[in-house]
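Have a look at the structure below, then the notes.
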Amino acid sequence: MITNTTQEIAERARRIKASPTLALSARANELQAAGNSIINLTIGEPDFDTPSHIKEAAIKAIYDGQTKYTAVDGTTGLKKAVVDKFLRENRLKYELNQILVSCGAKHSLYNLFSVVLNAGDEVIIPAPYWVSYPDMVMLTDGKPVFIEAGLDQHFKITALQLEAAIHSKTRMIVLNSPSNPSGMAYSAKELKALAEVIMRHPHIIVVSDDIYEHHLWNHAPFTSILNVCPELADRALLVNSTSKTYAMTGWRIGYAAGPAYLISAMKNVQSQNTSSPTTVSQFAAQAALEGNQDCVGIMTKAYKERHDFVVGELQNMPGIACLPSDGTFYTLPSVKELLNKKKGVTNDFEFAEWLLQQTGIATVPGSAFGAPGHIRICYTTSMQNLTEAMKRLHQVVAEF
């Protein structure tokens, strides 16, 4: 008889933990449902509705009978829209066999790690990082290697740091610009310096997670590592998604572009783990990429206004250090000076818990992103909620 113990769980599954952002968001929602006054600043999900023309395309697809399997790597129409997007917005030319549509950017990344990493291969991940990178690497038998870049470096690694971290077991580096959780973006000059290091090490693949490219107000227009170093094209994979750009998180459509040999291998993996992405969502994503892009600018303008307000408030709070973000809808303030043993708050996990209990403000501890002593604040909520959140935060910070 099988007993209910962790010994029955595969070792690879025991390496990882549940996503802390999703767990904390669920907890905040539960507290709110129980009647507590909670302001949820945890999860990176646009509070805007999916634009109407995208929803209408999905409805039309349903009535047109587009409810069957598609090709594993996506419909031809959507893949053509992705190719056109890269050419139009990023000045990068791809063929259809260099595109793979998946069930979100996370799925694209997992496919990539699955086809590239052998046991013990190392993946360089700049810290702070998106919470899922290390766990996906470990699930595919790789080893995450972190390069720390603190507030004094604007949360961005240098070429010297990258060079020092590379050795024979290094197989990949993950770049995310603009970044979740810091909101920082690499300039073209900074990317060029990193690319020069990578060029000296031909065994390394670079993956660029670009899902926040449109929500950018500094270092604009957006620059890809391939824009500054086209020579990396045969070992670079670009990952993107409709989720953040078009407020389509639940539609679960992401896409990857890269050399045909990588895309082909990822397609084989996807044929076994999900088959094709959701058909109706693909027609919606095609409409998003091909349609009027005004909705993107409207959302980005709102995020910038919220950013300016939140960061301005945080910078006026004693004990909090906060840099302006370059884009996204995140900020990563340091609360190190507020950690107080007398109050039982000695680390960012305890601070986030204390903040939730005392004020009803739900945030994510920075340690979840490799940034201990910080908290991540996501401002995908109304200005009314943000105003109230900053008012409550001002009050409790004064107590420290």
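Each chain in the structure tokens gets a letter, A, B, ..., in the order shown, and its residues are numbered from 1; ligands are numbered from 1 in order too.
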
I'd like the contact shell of A:Leu226 - 8 Å cut-off, only C-alpha atoms, skipping same-chain residues fewer than 5 positions apart - returned as a PyMOL selection string. chain A and resi 92+231-233+236

Just-selected residues, C-alpha atoms written as an mmCIF file, in the first residue's frame:
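Below is the file that was written, out-v4.cif:
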```cif
data_model
loop_
_atom_site.group_PDB
_atom_site.id
_atom_site.type_symbol
_atom_site.label_atom_id
_atom_site.label_comp_id
_atom_site.auth_asym_id
_atom_site.auth_seq_id
_atom_site.Cartn_x
_atom_site.Cartn_y
_atom_site.Cartn_z
ATOM 1 C CA LEU A 92 14.207 41.042 -36.491
ATOM 2 C CA GLU A 231 25.803 37.436 -34.311
ATOM 3 C CA LEU A 232 24.088 35.668 -31.402
ATOM 4 C CA ALA A 233 21.073 34.704 -33.537
ATOM 5 C CA ALA A 236 19.549 33.110 -28.767
#
```

Test item, alpha helix (DSSP H) assignment across stretch 32-232 of chain A, answer as a VMD selection string: chain A and resid 32 to 33 52 to 63 76 to 90 105 to 116 132 to 139 159 to 165 188 to 199 225 to 228

Would you write out, as JSON lines, a table of all residues in stretch 253-341 of chain A that have an atom no more than 8 Å from an atom of stretch 179-197 of chain A, listing for each the closest atom pair and the distance in Å to one decimal, considering only C-alpha atoms and ordering rows by chain and rising residue number?
```
{"residue": "A:Ser325", "atom": "CA", "partner": "A:Gly183", "partner_atom": "CA", "distance": 4.7}
{"residue": "A:Asp326", "atom": "CA", "partner": "A:Met184", "partner_atom": "CA", "distance": 5.0}
{"residue": "A:Gly327", "atom": "CA", "partner": "A:Gly183", "partner_atom": "CA", "distance": 5.2}
{"residue": "A:Thr328", "atom": "CA", "partner": "A:Gly183", "partner_atom": "CA", "distance": 5.3}
{"residue": "A:Phe329", "atom": "CA", "partner": "A:Gly183", "partner_atom": "CA", "distance": 6.9}
{"residue": "A:Tyr330", "atom": "CA", "partner": "A:Gly183", "partner_atom": "CA", "distance": 5.4}
{"residue": "A:Thr331", "atom": "CA", "partner": "A:Ser182", "partner_atom": "CA", "distance": 5.5}
{"residue": "A:Leu332", "atom": "CA", "partner": "A:Ser182", "partner_atom": "CA", "distance": 5.2}
```

Find the residues near A:Arg392: any atom within 12 Å, counting only C-alpha atoms, skip ones fewer than 6 places away on the same chain, and give them as a PyMOL selection string. chain A and resi 37-39+313-314+317+355-362+385-386+398-399

Contacts of A:Thr67 within 12 Å, only C-alpha atoms, excl. fewer than 5 positions in-chain, as a tab-separated table (two decimals) with all heavy atoms, in the first residue's frame:
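Writing the result to selection-v4.tsv gives the following:
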```tsv
chain	number	residue	atom	x	y	z
A	58	ALA	N	-12.22	35.98	-30.63
A	58	ALA	CA	-12.38	34.66	-30.01
A	58	ALA	C	-13.81	34.15	-30.19
A	58	ALA	O	-14.03	32.96	-30.50
A	58	ALA	CB	-12.02	34.73	-28.54
A	59	ILE	N	-14.78	35.04	-30.00
A	59	ILE	CA	-16.18	34.64	-30.15
A	59	ILE	C	-16.46	34.22	-31.59
A	59	ILE	O	-17.12	33.20	-31.85
A	59	ILE	CB	-17.10	35.81	-29.73
A	59	ILE	CG1	-16.97	36.06	-28.23
A	59	ILE	CG2	-18.56	35.50	-30.10
A	59	ILE	CD1	-17.62	37.34	-27.75
A	60	LYS	N	-15.92	34.98	-32.54
A	60	LYS	CA	-16.10	34.63	-33.94
A	60	LYS	C	-15.48	33.26	-34.25
A	60	LYS	O	-16.07	32.44	-34.98
A	60	LYS	CB	-15.47	35.70	-34.84
A	60	LYS	CG	-15.66	35.43	-36.35
A	60	LYS	CD	-15.07	36.55	-37.18
A	60	LYS	CE	-15.36	36.35	-38.67
A	60	LYS	NZ	-14.85	35.07	-39.20
A	61	ALA	N	-14.31	33.01	-33.67
A	61	ALA	CA	-13.64	31.73	-33.90
A	61	ALA	C	-14.50	30.57	-33.40
A	61	ALA	O	-14.60	29.52	-34.06
A	61	ALA	CB	-12.28	31.71	-33.21
A	62	ILE	N	-15.14	30.76	-32.27
A	62	ILE	CA	-16.02	29.72	-31.73
A	62	ILE	C	-17.17	29.43	-32.70
A	62	ILE	O	-17.45	28.29	-33.05
A	62	ILE	CB	-16.56	30.13	-30.35
A	62	ILE	CG1	-15.43	30.15	-29.31
A	62	ILE	CG2	-17.67	29.17	-29.91
A	62	ILE	CD1	-15.84	30.72	-27.98
A	276	SER	N	-1.18	21.14	-28.98
A	276	SER	CA	-1.27	22.54	-29.41
A	276	SER	C	-1.78	23.43	-28.28
A	276	SER	O	-2.48	22.97	-27.37
A	276	SER	CB	-2.22	22.64	-30.60
A	276	SER	OG	-3.53	22.25	-30.24
A	277	PRO	N	-1.47	24.73	-28.36
A	277	PRO	CA	-2.11	25.68	-27.43
A	277	PRO	C	-3.61	25.76	-27.72
A	277	PRO	O	-4.08	25.31	-28.76
A	277	PRO	CB	-1.42	27.01	-27.75
A	277	PRO	CG	-0.21	26.67	-28.54
A	277	PRO	CD	-0.53	25.39	-29.26
A	278	THR	N	-4.34	26.35	-26.81
A	278	THR	CA	-5.79	26.46	-26.95
A	278	THR	C	-6.16	27.17	-28.25
A	278	THR	O	-5.68	28.28	-28.52
A	278	THR	CB	-6.38	27.23	-25.76
A	278	THR	OG1	-5.98	26.58	-24.56
A	278	THR	CG2	-7.89	27.28	-25.83
A	279	THR	N	-7.00	26.54	-29.03
A	279	THR	CA	-7.31	27.04	-30.37
A	279	THR	C	-7.97	28.42	-30.33
A	279	THR	O	-7.53	29.35	-31.03
A	279	THR	CB	-8.22	26.04	-31.11
A	279	THR	OG1	-7.55	24.79	-31.19
A	279	THR	CG2	-8.55	26.52	-32.51
A	280	VAL	N	-9.01	28.57	-29.55
A	280	VAL	CA	-9.72	29.85	-29.50
A	280	VAL	C	-8.78	30.97	-29.06
A	280	VAL	O	-8.81	32.08	-29.61
A	280	VAL	CB	-10.94	29.75	-28.56
A	280	VAL	CG1	-11.56	31.12	-28.35
A	280	VAL	CG2	-11.97	28.78	-29.13
A	281	SER	N	-7.93	30.69	-28.08
A	281	SER	CA	-6.98	31.70	-27.61
A	281	SER	C	-6.01	32.11	-28.70
A	281	SER	O	-5.56	33.27	-28.75
A	281	SER	CB	-6.20	31.17	-26.40
A	281	SER	OG	-7.04	30.99	-25.28
A	282	GLN	N	-5.66	31.19	-29.59
A	282	GLN	CA	-4.75	31.54	-30.68
A	282	GLN	C	-5.38	32.55	-31.63
A	282	GLN	O	-4.71	33.47	-32.10
A	282	GLN	CB	-4.34	30.28	-31.44
A	282	GLN	CG	-3.44	29.35	-30.65
A	282	GLN	CD	-2.91	28.23	-31.52
A	282	GLN	OE1	-2.13	28.46	-32.44
A	282	GLN	NE2	-3.33	27.00	-31.24
A	283	PHE	N	-6.67	32.41	-31.91
A	283	PHE	CA	-7.33	33.37	-32.78
A	283	PHE	C	-7.43	34.74	-32.09
A	283	PHE	O	-7.30	35.78	-32.74
A	283	PHE	CB	-8.71	32.86	-33.19
A	283	PHE	CG	-8.64	31.84	-34.29
A	283	PHE	CD1	-8.50	30.49	-34.00
A	283	PHE	CD2	-8.69	32.20	-35.63
A	283	PHE	CE1	-8.41	29.53	-35.00
A	283	PHE	CE2	-8.60	31.27	-36.64
A	283	PHE	CZ	-8.46	29.93	-36.33
```

Between A:Ser19, A:Thr50, A:Thr140, A:Asn316, single out the one closest to A:Thr242, counting only C-alpha atoms.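 Checking each of A:Ser19, A:Thr50, A:Thr140, A:Asn316 against A:Thr242, counting only C-alpha atoms, the winner is A:Thr50.
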
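Taking atom CA of A:Ala368 as the reference point, atom CA of A:Gly344 is found at 19.8 Å.
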
Do a neighbour search on A:Ala71 at 12 Å with only C-alpha atoms, toss out local chain neighbours closer than 3 positions, and write the hits as a list in words. Lys68, Gly74, Thr75, Thr76, Gly77, Leu78, Lys79, Leu100, Val101, Ser102, Lys267, Asn268, Gln270, Ser271, Thr274, Ser275, Ser276, Pro277, Thr278, Thr279 and Gln282 of chain A

Next, write the just-selected residues to a file, as an mmCIF file, in the first residue's frame, keeping C-alpha atoms as the atom set.
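Wrote again26.cif, looks like this:
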```cif
data_model
loop_
_atom_site.group_PDB
_atom_site.id
_atom_site.type_symbol
_atom_site.label_atom_id
_atom_site.label_comp_id
_atom_site.auth_asym_id
_atom_site.auth_seq_id
_atom_site.Cartn_x
_atom_site.Cartn_y
_atom_site.Cartn_z
ATOM 1 C CA LYS A 68 -10.382 21.562 -32.865
ATOM 2 C CA GLY A 74 0.429 27.052 -33.478
ATOM 3 C CA THR A 75 -1.811 28.126 -36.348
ATOM 4 C CA THR A 76 -0.169 29.473 -39.476
ATOM 5 C CA GLY A 77 -2.109 32.712 -39.066
ATOM 6 C CA LEU A 78 -0.818 33.332 -35.545
ATOM 7 C CA LYS A 79 2.742 32.363 -36.422
ATOM 8 C CA LEU A 100 6.709 28.207 -31.539
ATOM 9 C CA VAL A 101 3.424 29.189 -29.912
ATOM 10 C CA SER A 102 2.917 27.770 -26.428
ATOM 11 C CA LYS A 267 8.033 21.556 -30.640
ATOM 12 C CA ASN A 268 8.719 17.839 -30.082
ATOM 13 C CA GLN A 270 5.415 20.349 -26.567
ATOM 14 C CA SER A 271 3.811 17.624 -28.673
ATOM 15 C CA THR A 274 0.355 19.769 -24.086
ATOM 16 C CA SER A 275 -0.070 19.293 -27.846
ATOM 17 C CA SER A 276 -1.269 22.541 -29.409
ATOM 18 C CA PRO A 277 -2.107 25.679 -27.434
ATOM 19 C CA THR A 278 -5.789 26.460 -26.949
ATOM 20 C CA THR A 279 -7.311 27.043 -30.374
ATOM 21 C CA GLN A 282 -4.751 31.539 -30.675
#
```

What is the atom CA of A:Asp135 to atom CA of A:Ser334 distance in Å?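 Between these atoms lies a distance of 24.4 Å.
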
Could you write out, as a PyMOL selection string, all the residues of stretch 171-220 of chain A that DSSP marks as strand (DSSP E)? chain A and resi 171-176+205-209

Serialized selection, N, CA and C atoms, as an mmCIF file, in the first residue's frame:
```cif
data_model
loop_
_atom_site.group_PDB
_atom_site.id
_atom_site.type_symbol
_atom_site.label_atom_id
_atom_site.label_comp_id
_atom_site.auth_asym_id
_atom_site.auth_seq_id
_atom_site.Cartn_x
_atom_site.Cartn_y
_atom_site.Cartn_z
ATOM 1 N N ARG A 171 25.650 26.586 -19.323
ATOM 2 C CA ARG A 171 24.958 26.230 -20.570
ATOM 3 C C ARG A 171 24.054 27.353 -21.069
ATOM 4 N N MET A 172 23.637 28.238 -20.163
ATOM 5 C CA MET A 172 22.639 29.214 -20.545
ATOM 6 C C MET A 172 22.689 30.408 -19.608
ATOM 7 N N ILE A 173 22.259 31.558 -20.116
ATOM 8 C CA ILE A 173 22.011 32.732 -19.286
ATOM 9 C C ILE A 173 20.618 33.247 -19.596
ATOM 10 N N VAL A 174 19.901 33.641 -18.549
ATOM 11 C CA VAL A 174 18.542 34.164 -18.694
ATOM 12 C C VAL A 174 18.568 35.667 -18.447
ATOM 13 N N LEU A 175 18.087 36.429 -19.411
ATOM 14 C CA LEU A 175 17.951 37.874 -19.259
ATOM 15 C C LEU A 175 16.472 38.242 -19.294
ATOM 16 N N ASN A 176 16.091 39.171 -18.430
ATOM 17 C CA ASN A 176 14.703 39.631 -18.372
ATOM 18 C C ASN A 176 14.727 41.153 -18.262
ATOM 19 N N ILE A 205 23.910 29.388 -24.511
ATOM 20 C CA ILE A 205 22.680 29.876 -25.126
ATOM 21 C C ILE A 205 22.142 31.010 -24.263
ATOM 22 N N VAL A 206 21.650 32.059 -24.894
ATOM 23 C CA VAL A 206 21.045 33.158 -24.148
ATOM 24 C C VAL A 206 19.543 33.170 -24.420
ATOM 25 N N VAL A 207 18.777 33.263 -23.351
ATOM 26 C CA VAL A 207 17.328 33.392 -23.499
ATOM 27 C C VAL A 207 16.937 34.767 -22.985
ATOM 28 N N SER A 208 16.184 35.484 -23.806
ATOM 29 C CA SER A 208 15.748 36.832 -23.466
ATOM 30 C C SER A 208 14.245 36.834 -23.249
ATOM 31 N N ASP A 209 13.834 37.057 -22.009
ATOM 32 C CA ASP A 209 12.422 37.096 -21.641
ATOM 33 C C ASP A 209 11.961 38.548 -21.763
#
```

So that I can check the surroundings of A:Leu289, please list as a list of chain:residue names every protein, DNA and RNA residue that reaches within 7 Å of it, counting only C-alpha atoms and ignoring chain neighbours fewer than 3 positions away.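 Non-adjacent residues within range: A:Ala81, A:Lys85, A:Ala285, A:Gln286.
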
May I have the residues within 12 Å of A:Phe86 as a PyMOL selection string, using only C-alpha atoms and disregarding those fewer than 4 positions away in the same chain? chain A and resi 79-82+90-96+98-99+210+213+222-224+226-227+238-240+255-258+289-290

Interatomic distance between atom CA of A:Glu337 and atom CA of A:Thr380? 26.4 Å

If you count only C-alpha atoms, the residue of A:Arg200, A:Thr363, A:Phe309, A:Glu353 closest to A:Met383 turns out to be A:Phe309

Proximity of stretch 107-134 of chain A to stretch 156-160 of chain A: per-residue shortest pair, 10 Å limit, only C-alpha atoms, as CSV:
```
residue,atom,partner,partner_atom,distance
A:Ile125,CA,A:Ile157,CA,9.8
A:Pro126,CA,A:Ile157,CA,6.5
A:Ala127,CA,A:Lys156,CA,8.2
A:Pro128,CA,A:Lys156,CA,8.6
```

From A:Ile54, A:Ala105, A:Ala119, A:Ala287, residue lying nearest A:Ile253 [only C-alpha atoms]: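 Using only C-alpha atoms, A:Ile253 sits closest to A:Ala105.
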